[in-house]
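Below is work-v9.pdb, holding PDB, C-alpha atoms.
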```pdb
ATOM      1  CA  ASP A   1      -6.528   4.940 -17.057
ATOM      2  CA  GLU A   2      -6.445   1.351 -18.334
ATOM      3  CA  LEU A   3      -4.405   0.197 -15.332
ATOM      4  CA  PHE A   4      -6.804   1.839 -12.888
ATOM      5  CA  GLN A   5      -9.830   0.354 -14.681
ATOM      6  CA  GLU A   6      -8.201  -3.068 -14.498
ATOM      7  CA  LEU A   7      -7.412  -2.685 -10.800
ATOM      8  CA  ALA A   8     -10.999  -1.593 -10.115
ATOM      9  CA  ARG A   9     -12.167  -4.982 -11.445
ATOM     10  CA  CYS A  10      -9.582  -7.026  -9.520
ATOM     11  CA  TRP A  11      -9.717  -8.531  -6.061
ATOM     12  CA  ILE A  12      -6.099  -9.500  -5.498
ATOM     13  CA  LEU A  13      -2.738  -8.331  -6.846
ATOM     14  CA  ALA A  14      -0.147 -11.126  -6.919
ATOM     15  CA  ASN A  15       3.393  -9.792  -6.772
ATOM     16  CA  THR A  16       6.006 -12.400  -7.671
ATOM     17  CA  ALA A  17       9.046 -10.096  -7.641
ATOM     18  CA  ALA A  18      11.868 -11.492  -5.526
ATOM     19  CA  ARG A  19      12.941  -8.098  -4.141
ATOM     20  CA  GLU A  20      11.083  -4.824  -3.854
ATOM     21  CA  GLY A  21      10.712  -2.220  -1.145
ATOM     22  CA  LEU A  22       7.226  -0.740  -1.057
ATOM     23  CA  PRO A  23       6.315  -0.926  -4.719
ATOM     24  CA  VAL A  24       3.923   1.630  -6.093
ATOM     25  CA  SER A  25       1.935  -1.308  -7.448
ATOM     26  CA  PHE A  26       1.023  -2.257  -3.847
ATOM     27  CA  LEU A  27      -0.201   1.259  -3.126
ATOM     28  CA  GLU A  28      -2.199   1.336  -6.357
ATOM     29  CA  ALA A  29      -3.731  -2.057  -5.585
ATOM     30  CA  TRP A  30      -4.753  -1.046  -2.067
ATOM     31  CA  ALA A  31      -6.078   2.292  -3.301
ATOM     32  CA  HIS A  32      -8.352   0.375  -5.671
ATOM     33  CA  GLY A  33      -9.561  -2.107  -3.080
ATOM     34  CA  CYS A  34      -7.329  -5.065  -3.926
ATOM     35  CA  ALA A  35      -5.597  -7.285  -1.402
ATOM     36  CA  VAL A  36      -1.925  -8.044  -2.080
ATOM     37  CA  LEU A  37      -0.379 -11.510  -2.304
ATOM     38  CA  SER A  38       3.416 -11.303  -2.125
ATOM     39  CA  CYS A  39       6.549 -13.044  -0.906
ATOM     40  CA  ASN A  40       7.819  -9.639   0.295
ATOM     41  CA  ASP A  41       6.341  -7.789   3.241
ATOM     42  CA  PRO A  42       7.646  -4.228   3.314
ATOM     43  CA  ALA A  43       6.938  -2.639   6.691
ATOM     44  CA  GLY A  44       4.564  -5.495   7.538
ATOM     45  CA  LEU A  45       1.909  -4.082   5.198
ATOM     46  CA  VAL A  46       1.277  -7.254   3.202
ATOM     47  CA  ARG A  47       0.400  -9.100   6.422
ATOM     48  CA  ARG A  48      -2.001  -6.281   7.274
ATOM     49  CA  PHE A  49      -3.632  -5.910   3.850
ATOM     50  CA  GLY A  50      -3.173  -9.225   2.105
ATOM     51  CA  ARG A  51      -1.280 -12.474   2.456
ATOM     52  CA  LEU A  52       2.436 -13.105   2.768
ATOM     53  CA  VAL A  53       3.485 -16.068   0.609
ATOM     54  CA  GLU A  54       5.423 -18.720   2.476
ATOM     55  CA  ASP A  55       7.672 -21.298   0.811
ATOM     56  CA  GLU A  56       6.828 -19.797  -2.598
ATOM     57  CA  ASP A  57       3.357 -21.357  -2.364
ATOM     58  CA  TYR A  58       1.270 -18.695  -4.093
ATOM     59  CA  ALA A  59      -1.606 -21.132  -4.617
ATOM     60  CA  ALA A  60      -1.984 -21.671  -0.858
ATOM     61  CA  GLY A  61      -1.883 -17.908  -0.274
ATOM     62  CA  LEU A  62      -4.502 -17.323  -2.934
ATOM     63  CA  ARG A  63      -6.755 -20.036  -1.522
ATOM     64  CA  TRP A  64      -6.429 -18.467   1.938
ATOM     65  CA  LEU A  65      -7.409 -15.022   0.606
ATOM     66  CA  LEU A  66     -10.378 -16.386  -1.320
ATOM     67  CA  GLN A  67     -11.663 -18.537   1.540
ATOM     68  CA  ASP A  68     -14.686 -16.832   3.074
ATOM     69  CA  ASP A  69     -13.788 -13.694   1.065
ATOM     70  CA  ARG A  70     -10.943 -12.822   3.461
ATOM     71  CA  TRP A  71      -9.461 -10.663   0.727
ATOM     72  CA  LEU A  72     -12.364  -8.221   0.995
ATOM     73  CA  ASP A  73     -11.790  -6.990   4.561
ATOM     74  CA  LEU A  74      -8.036  -6.865   3.972
ATOM     75  CA  ALA A  75      -8.492  -4.900   0.748
ATOM     76  CA  GLN A  76     -10.860  -2.425   2.396
ATOM     77  CA  ALA A  77      -8.409  -1.901   5.252
ATOM     78  CA  GLY A  78      -5.632  -1.323   2.702
ATOM     79  CA  ARG A  79      -7.767   1.191   0.835
ATOM     80  CA  GLN A  80      -8.399   3.117   4.050
ATOM     81  CA  TRP A  81      -4.705   3.027   4.966
ATOM     82  CA  VAL A  82      -3.768   4.517   1.581
ATOM     83  CA  ARG A  83      -6.397   7.237   2.030
ATOM     84  CA  ASP A  84      -5.128   8.021   5.514
ATOM     85  CA  ASN A  85      -1.490   8.189   4.459
ATOM     86  CA  PHE A  86      -1.370   9.234   0.811
ATOM     87  CA  GLU A  87      -4.423  11.384   0.124
ATOM     88  CA  ALA A  88      -3.420  14.400  -1.998
ATOM     89  CA  GLU A  89      -4.340  17.054   0.576
ATOM     90  CA  LYS A  90      -2.491  15.241   3.345
ATOM     91  CA  ALA A  91       0.581  14.757   1.152
ATOM     92  CA  LEU A  92       0.580  18.445   0.205
ATOM     93  CA  ALA A  93       0.265  19.476   3.846
ATOM     94  CA  GLN A  94       3.229  17.250   4.724
ATOM     95  CA  HIS A  95       5.298  18.863   1.958
ATOM     96  CA  ILE A  96       4.392  22.350   3.143
ATOM     97  CA  ASP A  97       5.303  21.428   6.739
ATOM     98  CA  ALA A  98       8.650  20.023   5.585
ATOM     99  CA  TYR A  99       9.423  23.177   3.571
ATOM    100  CA  ALA A 100       8.442  25.428   6.483
ATOM    101  CA  LEU A 101      10.715  23.443   8.816
ATOM    102  CA  ALA A 102      13.611  23.650   6.347
ATOM    103  CA  ILE A 103      13.146  27.411   5.933
ATOM    104  CA  ASP A 104      12.955  27.879   9.703
ATOM    105  CA  ARG A 105      16.169  25.891  10.239
ATOM    106  CA  SER A 106      17.883  27.845   7.487
ATOM    107  CA  HIS A 107      16.899  31.160   9.091
ATOM    108  CA  ARG A 108      18.133  29.997  12.503
ATOM    109  CA  ARG A 109      21.503  28.993  11.052
ATOM    110  CA  GLY A 110      21.770  32.387   9.423
ATOM    111  CA  ARG A 111      21.319  34.113  12.795
ATOM    112  CA  SER A 112      23.981  32.015  14.543
TER     113      SER A 112
END
```
Please express the file's structure as structure tokens.
Amino acid sequence: DELFQELARCWILANTAAREGLPVSFLEAWAHGCAVLSCNDPAGLVRRFGRLVEDEDYAAGLRWLLQDDRWLDLAQAGRQWVRDNFEAEKALAQHIDAYALAIDRSHRRGRS
């Protein structure tokens, strides 16, 4: 709860990790309406919903996000993307579909 309350008050999550795939922290930030500032860009999502740090210049990236409140539109787009892709009902439906497909394939192999 404390983490989510903190994220709700934030505008931007700065990720300084040298290597990460799609960290859960990015998803949590976007879900709470934060833009992401990072030197990593898994699947091009940081460019879509934040700012990719170039030449390790986090200050320049932060200034860019804050200029004219650019962070706000990017954060809102990130929030919507998380809703569209990770909402609980959608995730459950995807699991059910995957299980149904696996069961169907298993039954077909049994008939062969």
Original post:
If the PyMOL selection byres ((chain A and resi 27) around 10) is run on the structure shown, which residues does it catch, given as a PyMOL selection string?
Top reply: chain A and resi 22-26+28-34+36+78-79+81-82+86
Subject >> Pairwise distance for CA of Ala59 in chain A and CA of Leu7 in chain A, rounded to one decimal in Å >> reply: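 Distance reported for this atom pair: 20.3 Å.
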Subject >> Gly50 in chain A environment, 12 Å, all atoms listed in the file, sequence neighbours closer than 2 positions dropped, as a VMD selection string >> reply: chain A and resid 11 to 15 26 29 to 30 33 to 42 44 to 48 52 to 53 61 to 66 69 to 79
Subject >> Separation of CA of Arg19 in chain A from CA of Phe49 in chain A, in Å and rounded to one decimal >> reply: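 Between these atoms lies a distance of 18.5 Å.
Take CA of Ala91 in chain A and CA of Ala8 in chain A: the distance between them is 23.0 Å.
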